[in-house]
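Enquirer: Below are the structure tokens for one structure; questions will follow.
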Amino acid sequence: MSDLALGEDGARVGRSSGTSADASTAESSEAANGLSVLDRALYALFSRHADSRRHATDRKRYRGAAMATSFDVYVARTYGLSWVVCLGVLAWTLVVGSALPAASLDRVVAPAVALGVPLPSPSRLHVAALAAGVAGTVAKYGTVRLAGARLRWRTAARRSDIERTLPGAARYLHALSSGSDGPRAMLRRVADNDAYGETAVSVRTALTTAALTGSLNEGIGRVARDTPSRDALAPFLLKFREHAAQGGDALSGYLRLESRMLGRRSEQARERNADVMELVAELFVVLLVLPALFVIVLTVMSVLAPGLSAEVVTPFGTTTKRAVAVYGAAAFVLVVGAVAAVVVSDLRPAAQRASYALPRDPAALLRSVASNPASAAVVASPLGALALGGLLAAGVGHANAVLLGYAAFAVPVGLVDLRRGRIDDAKDREISDFVHAVAGHVALGRPLSEAVDRVARDVDLGPLSGDVADLAFALGLASRQEGDLRTGALERFVDRVGTPLAAQTVGLVSGALDAGSDAEAVFETLQAEVGRLYHEKRALRANMFVYVAVGWTTALLVVGIVVAVNLTVLDGFADLASLSTSGGTLDPTAVDPERDRRRFYVVAQATVFASGLFAGAADRGGYAMLLHSGALVTVCYTVFAVAGLL
């Protein structure tokens with residue numbers, strides 16, 4: 001029957017695809033009516049490229065990327081940007097090439113002349129123009145390719161998010177299936193629940209299309225055709241449509257089996273993510289330790305390689321090749337740390353990423369400083385700026401002033417996040433007990449308001465007690481017929497608790513009960529859901545703690561190596577270099593202990609900062625990166641100060 005559904009959808013999709021002229025007309029109408037003057041101009045100049053064969057693959061990816069504009073407008077903007085980039089690169093290359101000395105041009109053509117290749121004597125302007133033309137062309141082509149790659153990355157991100165959130169949406173639909181809602185109303189409840197991420201977005205798209213075409217089957221068919229999740233969401237929606245046509249019992253049975261299958265599939269995806277995380281950690285350690293060792297070896301070898309002291313001209317002034325290599329290594333470490341933090345944050349399931357809203361009222365913002373990291377960041381920003389200004393006024397070096405000013409901002413905000421995280425962990429731990437206790441009373445036939453009131457009076461729920469008491473009072477004001485009041489009370493409870501686990505579980509209760517689902521069946525599903533989600537959270541925290549330790553160990557290892565080299569190696573090689581005579585092979589200026597200690601310190605601080613970003617991303621993500629990076633920066637400064645190396 002799955003094949004039959006696919007065939008039917010294929011026919012339907014074929015009819016939709018056959019109206020490509022209508023789609024083009026709609027896009028042209030958008031370009032004519034809903035765009036700015038700049039977009040109108042770009043559309044008139046470049047929209048013809050959207051129909052070329054080179055963008056056929058991009059058009060397919062665009063369908064799954066859920067962009068805000070039409071494909072023609074996206075392509076027109078891309079080509080407009082490519083010309084701007086092309087002209088900018090061309091002008092810069094032309095100016096730089098024209099300023100090069102004639103000797104540089106001779107060195108470029110010297111190998112060809114030595115091989116006997118007859119070459120004319122081009123002027124610097126001719127060579128610069130040729131180089132500028134090549135660079136501009138490459139930049140223009142690269143910009144267009146990058147825009148296509150952006151569609152690919154966005155499509156992959158949506159596919160990943162759908163596959164993470166679809167199992168929860170399937171379990172929610174299964175709980176709704178025991179109620180009186182029809183398929184369209186069930187999908188509407190999923191679409192209105194932001195906890196289901198891109199799955200909810202896809203369902204909203206299907207419902208919007210259904211409203212325009214008058215057919216839910218048409219909406220589901222189009223989303224199944226365009227979704228990037230061809231192996232998960234597309235077959236799920238098509239089978240949902242098929243079983244919905246067979247009746248409520250068939251749909252409920254399908255959703256029960258499908259939610260279990262998707263749950264197992266999600267578990268396999270988490271195992272793959274764990275393998276990827278292990279690989280990322282190994283690469284991270286190697287890429288962070290190697291630059292520090294490279295700088296040490298470079299400094300030691302510079303005694304025997306005087307060419308490293310040769311001066312080079314950079315956009316920031318004249319310096320030596322050795323300095324460029326050292327500070328380049330520091331910059332490389334920072335990039336590695338930022339990329340690793342982004343990758344680790346992306347591997348964390350969306351349902352376990354805490355986010356904190358910033359209160360708009362200044363008084364509420366100040367009251368929430370101790371419990372809301374977003375509020376703490378606003379308040380701590382001036383403190384960090386004052387610390388930076390005070391350190392500079394006190395004569396502290398620029399590097400240390402920036403680092404300590406950052407720590408003065410980052411550590412307090414990170415501590416607030418740590419405190420809030422522990423409170424949230426305690427609430428999540430108690431939510432499981434709360435759900436089981438309420439389910440027991442509901443199983444005895446008591447209404448939800450009475451069950452919550454009994455739990456609030458009889459069970460000690462620790463930090464959740466105040467929120468449960470508020471929920472019991474609010475539910476007591478609403479009768480069983482007043483679904484809106486009950487829904488509002490449950491939503492306020494979710495907001496007060498403020499954890500992703502509460503949003504995923506209690507939100508299920510609200511929607512299912514409003515749909516007329518059997519309360520006992522709903523809470524039976526809820527018990528399994530909250531237990532599974534809490535187990536996943538604890539397992540993730542246990543696995544990620546290993547990588548937190550990896551980040552700290554790497555940072556402390558590099559600090560120890562650099563301090564040991566500063567104390568035991570630099571002075572010895574400085575003495576060795578000073579023994580060089582005017583005709584010797586050693587460079588007497590290669591090792592300057594004071595200068596090299598400063599450079600070692602910069603590389604060490606860059607390494608510990610990058611390690612802090614990685615450790616924070618593995619810990620809780622977000623504001624935890626501030627805590628770990630700020631703490632490690634402070635530790636590194638303290639170690640160097642105690643060792644007398646500052």
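Letters A, B, ... go to the chains of the structure tokens in the order shown; residues in each chain start at 1; ligands are counted from 1 in the same order.
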Do you know which residues are at most 12 Å from A:Ala44 counting only C-alpha atoms, after dropping those on the same chain fewer than 2 positions away, and could you put them as a PyMOL selection string?
Expert: chain A and resi 28+31-32+35+37-42+46-50+72-73+75-77+79-80
Enquirer: Would you export the selected residues with N, CA and C atoms as a short mmCIF file (atom, residue, chain, number, x, y, z; two decimals), in the first residue's frame, please?
Expert:
data_model
loop_
_atom_site.label_atom_id
_atom_site.label_comp_id
_atom_site.auth_asym_id
_atom_site.auth_seq_id
_atom_site.Cartn_x
_atom_site.Cartn_y
_atom_site.Cartn_z
N SER A 28 7.28 35.72 -11.06
CA SER A 28 7.37 37.00 -11.73
C SER A 28 6.47 38.02 -11.05
N ALA A 31 8.26 39.29 -8.05
CA ALA A 31 9.29 40.24 -8.43
C ALA A 31 8.69 41.58 -8.80
N ALA A 32 7.48 41.58 -9.35
CA ALA A 32 6.88 42.82 -9.79
C ALA A 32 6.23 43.59 -8.65
N LEU A 35 8.85 43.45 -4.06
CA LEU A 35 10.28 43.61 -3.90
C LEU A 35 10.67 45.08 -3.83
N VAL A 37 13.24 48.37 -4.70
CA VAL A 37 13.71 48.89 -5.98
C VAL A 37 14.99 48.16 -6.41
N LEU A 38 15.90 47.89 -5.44
CA LEU A 38 17.14 47.19 -5.78
C LEU A 38 16.84 45.78 -6.28
N ASP A 39 15.93 45.09 -5.60
CA ASP A 39 15.59 43.73 -6.05
C ASP A 39 14.92 43.75 -7.42
N ARG A 40 14.12 44.76 -7.69
CA ARG A 40 13.50 44.85 -9.01
C ARG A 40 14.57 45.00 -10.10
N ALA A 41 15.56 45.85 -9.81
CA ALA A 41 16.63 46.04 -10.79
C ALA A 41 17.43 44.77 -11.00
N LEU A 42 17.79 44.10 -9.89
CA LEU A 42 18.54 42.84 -10.01
C LEU A 42 17.72 41.78 -10.74
N PHE A 46 19.22 39.93 -14.00
CA PHE A 46 19.84 38.61 -13.84
C PHE A 46 18.85 37.45 -13.68
N SER A 47 17.56 37.68 -13.65
CA SER A 47 16.63 36.58 -13.38
C SER A 47 16.66 35.51 -14.47
N ARG A 48 17.13 35.87 -15.68
CA ARG A 48 17.18 34.88 -16.77
C ARG A 48 18.10 33.71 -16.43
N HIS A 49 19.09 33.94 -15.52
CA HIS A 49 20.01 32.86 -15.17
C HIS A 49 19.32 31.74 -14.40
N ALA A 50 18.18 32.04 -13.79
CA ALA A 50 17.51 31.02 -12.98
C ALA A 50 17.01 29.85 -13.81
N ASP A 72 13.96 32.70 -8.39
CA ASP A 72 14.45 33.70 -9.35
C ASP A 72 15.07 34.90 -8.64
N VAL A 73 14.44 35.35 -7.57
CA VAL A 73 14.98 36.49 -6.83
C VAL A 73 16.29 36.11 -6.15
N VAL A 75 18.49 33.91 -7.16
CA VAL A 75 19.54 33.85 -8.19
C VAL A 75 19.92 35.26 -8.63
N ALA A 76 18.94 36.14 -8.78
CA ALA A 76 19.25 37.51 -9.20
C ALA A 76 20.12 38.21 -8.15
N ARG A 77 19.80 38.03 -6.88
CA ARG A 77 20.63 38.61 -5.83
C ARG A 77 22.04 38.03 -5.85
N TYR A 79 23.76 36.84 -8.42
CA TYR A 79 24.56 37.38 -9.53
C TYR A 79 24.90 38.85 -9.30
N GLY A 80 23.99 39.61 -8.71
CA GLY A 80 24.32 40.98 -8.37
C GLY A 80 25.47 41.06 -7.38
#
Enquirer: Residues of stretch 399-449 of chain A that have any atom at most 9 Å from an atom of stretch 531-545 of chain A: could you tabulate them with the shortest-distance atom pair and the distance in Å to one decimal, using only C-alpha atoms, ordered by chain and increasing number, as JSON lines?
Expert:
{"residue": "A:Asp428", "atom": "CA", "partner": "A:Tyr534", "partner_atom": "CA", "distance": 7.3}
{"residue": "A:Arg429", "atom": "CA", "partner": "A:Tyr534", "partner_atom": "CA", "distance": 7.6}
{"residue": "A:Ser432", "atom": "CA", "partner": "A:Gly531", "partner_atom": "CA", "distance": 6.6}
Enquirer: Stretch 494-507 of chain A: which residues within 8 Å, counting only C-alpha atoms, same-chain residues fewer than 4 positions away excluded, as a ChimeraX atom specification?
Expert: /A:195,351-354,424,427-428,431,464,467,490,511,526,529-530,533-534
Enquirer: How would the residues just chosen look if you wrote them out with N, CA and C atoms as a short mmCIF file (atom, residue, chain, number, x, y, z; two decimals), in the first residue's frame?
Expert:
data_model
loop_
_atom_site.label_atom_id
_atom_site.label_comp_id
_atom_site.auth_asym_id
_atom_site.auth_seq_id
_atom_site.Cartn_x
_atom_site.Cartn_y
_atom_site.Cartn_z
N ALA A 195 8.23 23.29 19.55
CA ALA A 195 9.19 22.30 20.03
C ALA A 195 9.57 21.30 18.94
N ALA A 351 16.39 19.62 20.97
CA ALA A 351 15.53 19.57 22.15
C ALA A 351 16.29 19.74 23.45
N GLN A 352 17.61 19.69 23.41
CA GLN A 352 18.41 19.84 24.62
C GLN A 352 19.28 21.09 24.58
N ARG A 353 18.85 22.07 23.81
CA ARG A 353 19.55 23.35 23.76
C ARG A 353 18.71 24.39 24.49
N ALA A 354 19.19 24.83 25.62
CA ALA A 354 18.45 25.81 26.41
C ALA A 354 18.65 27.20 25.81
N ASP A 424 17.61 24.05 36.56
CA ASP A 424 16.84 23.38 35.51
C ASP A 424 17.00 21.86 35.59
N LYS A 427 14.77 20.67 38.32
CA LYS A 427 13.36 20.69 37.91
C LYS A 427 13.05 19.55 36.96
N ASP A 428 13.94 19.28 36.03
CA ASP A 428 13.71 18.16 35.11
C ASP A 428 13.66 16.83 35.85
N ILE A 431 10.25 16.73 37.39
CA ILE A 431 9.13 16.63 36.45
C ILE A 431 8.74 15.18 36.23
N LEU A 464 10.56 22.40 42.07
CA LEU A 464 9.37 22.44 41.22
C LEU A 464 8.10 22.69 42.03
N ASP A 467 6.14 25.99 41.26
CA ASP A 467 5.50 25.98 39.94
C ASP A 467 4.28 25.06 39.92
N LEU A 490 -1.56 25.44 31.69
CA LEU A 490 -0.44 24.55 31.36
C LEU A 490 0.67 25.31 30.64
N GLY A 511 -2.20 19.77 24.41
CA GLY A 511 -2.80 19.56 23.10
C GLY A 511 -3.68 18.33 23.05
N LEU A 526 2.62 9.97 28.16
CA LEU A 526 3.48 10.99 28.74
C LEU A 526 4.54 10.39 29.66
N GLU A 529 7.23 9.07 27.56
CA GLU A 529 7.95 10.15 26.89
C GLU A 529 8.89 10.87 27.84
N VAL A 530 8.41 11.21 29.03
CA VAL A 530 9.26 11.96 29.96
C VAL A 530 10.41 11.09 30.46
N LEU A 533 12.96 10.97 27.49
CA LEU A 533 13.67 12.23 27.30
C LEU A 533 14.66 12.51 28.43
N TYR A 534 14.26 12.19 29.67
CA TYR A 534 15.16 12.45 30.79
C TYR A 534 16.37 11.51 30.72
#
Enquirer: Check the smallest atom-to-atom distance from each of A:Ala244, A:Ala131, A:Ala521, A:Ala274 to A:Arg184 using only C-alpha atoms, then report the winner.
Expert: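 Going through A:Ala244, A:Ala131, A:Ala521, A:Ala274 one by one, the smallest distance to A:Arg184 is for A:Ala244.
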Enquirer: Report, in Å to a single decimal, how far apart atom CA of A:Tyr601 and atom CA of A:Lys321 are.
Expert: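 Between these atoms lies a distance of 18.4 Å.
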Enquirer: Measuring atom to atom with only C-alpha atoms, identify which of A:Val413, A:Val344, A:Ala624, A:Ile162 is nearest to A:Ser266.
Expert: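 Nearest candidate to A:Ser266 out of A:Val413, A:Val344, A:Ala624, A:Ile162: A:Ile162.
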Enquirer: Pick from A:Leu288, A:Ala281, A:Ala340, A:Ala393: nearest to A:Tyr547, with only C-alpha atoms counted?
Expert: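 Closest to A:Tyr547 of all the choices is A:Ala281.
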Enquirer: Go through A:Gln268, A:Ser202, A:Ser178, A:Thr78 and flag the residue nearest A:Ala149, using only C-alpha atoms for the distances.
Expert: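 Smallest distance to A:Ala149 is found for A:Thr78.
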Enquirer: Skipping near chain neighbours, those fewer than 2 positions away, what residues fall within 12 Å of A:Leu365 using only C-alpha atoms, listed as a PDB file with C-alpha atoms, in the first residue's frame?
Expert:
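For reference, part_30.pdb as written:
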ATOM      1  CA  TYR A 356      16.888  32.307  27.572  1.00  0.00           C
ATOM      2  CA  ALA A 357      14.712  35.263  26.602  1.00  0.00           C
ATOM      3  CA  LEU A 358      15.798  38.758  27.603  1.00  0.00           C
ATOM      4  CA  PRO A 359      13.095  40.614  29.591  1.00  0.00           C
ATOM      5  CA  ARG A 360      12.016  43.847  27.940  1.00  0.00           C
ATOM      6  CA  ASP A 361      11.147  45.603  31.178  1.00  0.00           C
ATOM      7  CA  PRO A 362      14.330  47.040  32.815  1.00  0.00           C
ATOM      8  CA  ALA A 363      13.042  46.240  36.313  1.00  0.00           C
ATOM      9  CA  ARG A 367      15.411  41.084  39.022  1.00  0.00           C
ATOM     10  CA  SER A 368      16.354  38.184  36.753  1.00  0.00           C
ATOM     11  CA  VAL A 369      20.119  38.827  36.721  1.00  0.00           C
ATOM     12  CA  ALA A 370      20.829  36.012  39.191  1.00  0.00           C
ATOM     13  CA  SER A 371      18.774  33.446  37.269  1.00  0.00           C
ATOM     14  CA  ASN A 372      18.841  34.503  33.600  1.00  0.00           C
ATOM     15  CA  PRO A 373      22.200  34.420  31.761  1.00  0.00           C
ATOM     16  CA  ALA A 374      20.857  36.751  29.069  1.00  0.00           C
ATOM     17  CA  SER A 375      20.098  39.395  31.701  1.00  0.00           C
ATOM     18  CA  ALA A 376      23.448  38.779  33.379  1.00  0.00           C
ATOM     19  CA  ALA A 377      25.225  39.333  30.047  1.00  0.00           C
ATOM     20  CA  VAL A 378      23.582  42.744  29.662  1.00  0.00           C
ATOM     21  CA  VAL A 379      24.538  43.797  33.186  1.00  0.00           C
TER      22      VAL A 379
END
Enquirer: How far is it from atom CA of A:Ala472 to atom CA of A:Arg486, in Å with one decimal?
Expert: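 According to the coordinates, atom CA of A:Ala472 and atom CA of A:Arg486 are separated by 10.4 Å.
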Enquirer: Using only C-alpha atoms, which residues sit within 8 Å of A:Leu151 once same-chain residues fewer than 3 positions away are excluded, as number ranges by chain?
Expert: A: 58, 61-62, 65, 147-148, 154-155
Enquirer: So, with only C-alpha atoms as the atoms that count, which of A:Val144, A:Val635, A:Ala234, A:Leu287 lies closest to A:Val335?
Expert: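 Looking at the shortest contact to A:Val335, the residue is A:Leu287.
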Enquirer: Using only C-alpha atoms, find the one residue out of A:Phe409, A:Phe71, A:Tyr623, A:Phe434 that sits nearest to A:Ser345.
Expert: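 Of A:Phe409, A:Phe71, A:Tyr623, A:Phe434, the one nearest A:Ser345 is A:Tyr623, counting only C-alpha atoms.
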Enquirer: Can you tell me, as a PyMOL selection string, what residues are no more than 12 Å from stretch 206-208 of chain A when counting only C-alpha atoms, ignoring any on the same chain fewer than 2 positions away?
Expert: chain A and resi 183-192+199-204+210-227+234+237-238+241
Enquirer: Grab the residues selected above and save them as a compact mmCIF listing (two decimals), in the first residue's frame with N, CA and C atoms.
Expert:
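The result, stored in part_25.txt:
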# COMPACT_ATOMS: atom_id res chain seq x y z
N PRO A 183 -7.62 14.48 10.96
CA PRO A 183 -6.21 14.59 10.55
C PRO A 183 -5.73 16.03 10.40
N ARG A 184 -6.58 16.91 9.83
CA ARG A 184 -6.16 18.29 9.64
C ARG A 184 -5.94 18.98 10.98
N ALA A 185 -6.84 18.79 11.95
CA ALA A 185 -6.69 19.41 13.27
C ALA A 185 -5.49 18.84 14.01
N MET A 186 -5.22 17.54 13.85
CA MET A 186 -4.05 16.94 14.49
C MET A 186 -2.76 17.57 13.94
N LEU A 187 -2.69 17.72 12.63
CA LEU A 187 -1.51 18.34 12.04
C LEU A 187 -1.39 19.81 12.45
N ARG A 188 -2.52 20.49 12.62
CA ARG A 188 -2.48 21.89 13.04
C ARG A 188 -1.86 22.02 14.43
N ARG A 189 -2.14 21.08 15.33
CA ARG A 189 -1.56 21.14 16.68
C ARG A 189 -0.04 20.92 16.62
N VAL A 190 0.41 20.05 15.74
CA VAL A 190 1.85 19.86 15.57
C VAL A 190 2.48 21.13 14.99
N ALA A 191 1.81 21.71 14.01
CA ALA A 191 2.35 22.90 13.36
C ALA A 191 2.46 24.07 14.33
N ASP A 192 1.58 24.14 15.31
CA ASP A 192 1.59 25.25 16.27
C ASP A 192 2.57 25.04 17.42
N THR A 199 10.10 20.10 11.55
CA THR A 199 8.93 19.25 11.29
C THR A 199 7.66 20.07 11.36
N ALA A 200 7.55 20.93 12.37
CA ALA A 200 6.39 21.82 12.48
C ALA A 200 6.32 22.78 11.31
N VAL A 201 7.48 23.28 10.86
CA VAL A 201 7.51 24.19 9.70
C VAL A 201 6.98 23.47 8.46
N SER A 202 7.41 22.23 8.25
CA SER A 202 6.94 21.46 7.09
C SER A 202 5.45 21.20 7.16
N VAL A 203 4.95 20.88 8.34
CA VAL A 203 3.52 20.64 8.48
C VAL A 203 2.74 21.92 8.25
N ARG A 204 3.28 23.06 8.71
CA ARG A 204 2.62 24.34 8.45
C ARG A 204 2.53 24.61 6.95
N ALA A 210 -2.76 23.30 1.67
CA ALA A 210 -4.11 22.72 1.71
C ALA A 210 -5.18 23.80 1.74
N ALA A 211 -4.90 24.88 2.47
CA ALA A 211 -5.87 25.98 2.52
C ALA A 211 -6.01 26.66 1.17
N LEU A 212 -4.92 26.74 0.41
CA LEU A 212 -4.96 27.39 -0.89
C LEU A 212 -5.61 26.52 -1.96
N THR A 213 -5.34 25.21 -1.87
CA THR A 213 -5.85 24.29 -2.91
C THR A 213 -7.17 23.64 -2.52
N GLY A 214 -7.53 23.71 -1.23
CA GLY A 214 -8.75 23.07 -0.78
C GLY A 214 -8.61 21.58 -0.55
N SER A 215 -7.37 21.05 -0.58
CA SER A 215 -7.17 19.60 -0.44
C SER A 215 -5.98 19.35 0.47
N LEU A 216 -6.21 18.66 1.60
CA LEU A 216 -5.12 18.29 2.48
C LEU A 216 -4.18 17.31 1.80
N ASN A 217 -4.74 16.41 0.98
CA ASN A 217 -3.89 15.47 0.26
C ASN A 217 -2.91 16.18 -0.65
N GLU A 218 -3.37 17.27 -1.28
CA GLU A 218 -2.49 18.04 -2.16
C GLU A 218 -1.37 18.69 -1.35
N GLY A 219 -1.70 19.26 -0.19
CA GLY A 219 -0.68 19.88 0.65
C GLY A 219 0.35 18.88 1.12
N ILE A 220 -0.10 17.71 1.56
CA ILE A 220 0.83 16.68 2.02
C ILE A 220 1.70 16.19 0.87
N GLY A 221 1.09 16.03 -0.31
CA GLY A 221 1.85 15.55 -1.46
C GLY A 221 2.95 16.51 -1.88
N ARG A 222 2.68 17.80 -1.85
CA ARG A 222 3.69 18.78 -2.25
C ARG A 222 4.83 18.84 -1.25
N VAL A 223 4.51 18.80 0.04
CA VAL A 223 5.57 18.81 1.04
C VAL A 223 6.41 17.55 0.95
N ALA A 224 5.76 16.41 0.73
CA ALA A 224 6.51 15.16 0.58
C ALA A 224 7.43 15.21 -0.64
N ARG A 225 7.02 15.93 -1.67
CA ARG A 225 7.86 16.06 -2.87
C ARG A 225 9.05 16.98 -2.62
N ASP A 226 8.83 18.07 -1.88
CA ASP A 226 9.86 19.10 -1.75
C ASP A 226 10.73 18.96 -0.52
N THR A 227 10.33 18.16 0.46
CA THR A 227 11.09 18.10 1.71
C THR A 227 12.50 17.53 1.48
N ALA A 234 9.04 12.40 4.21
CA ALA A 234 8.23 12.14 3.02
C ALA A 234 7.40 10.86 3.15
N LEU A 237 4.60 11.27 5.90
CA LEU A 237 3.42 12.04 5.51
C LEU A 237 2.55 11.28 4.52
N LEU A 238 3.17 10.60 3.57
CA LEU A 238 2.38 9.86 2.59
C LEU A 238 1.61 8.72 3.25
N ARG A 241 -1.29 10.15 5.26
CA ARG A 241 -2.42 10.43 4.38
C ARG A 241 -3.18 9.16 4.04
Enquirer: Could you list, as an NGL selection string, every residue within 10 Å of stretch 552-569 of chain A, counting only C-alpha atoms and ignoring same-chain residues fewer than 4 positions away?
Expert: :A and (284-286 or 288-293 or 295-296 or 300 or 547-548 or 573-574 or 593-594 or 596-598 or 600-601 or 603-612 or 614-616 or 628-629 or 632-633 or 635-637 or 639-640 or 643-645)
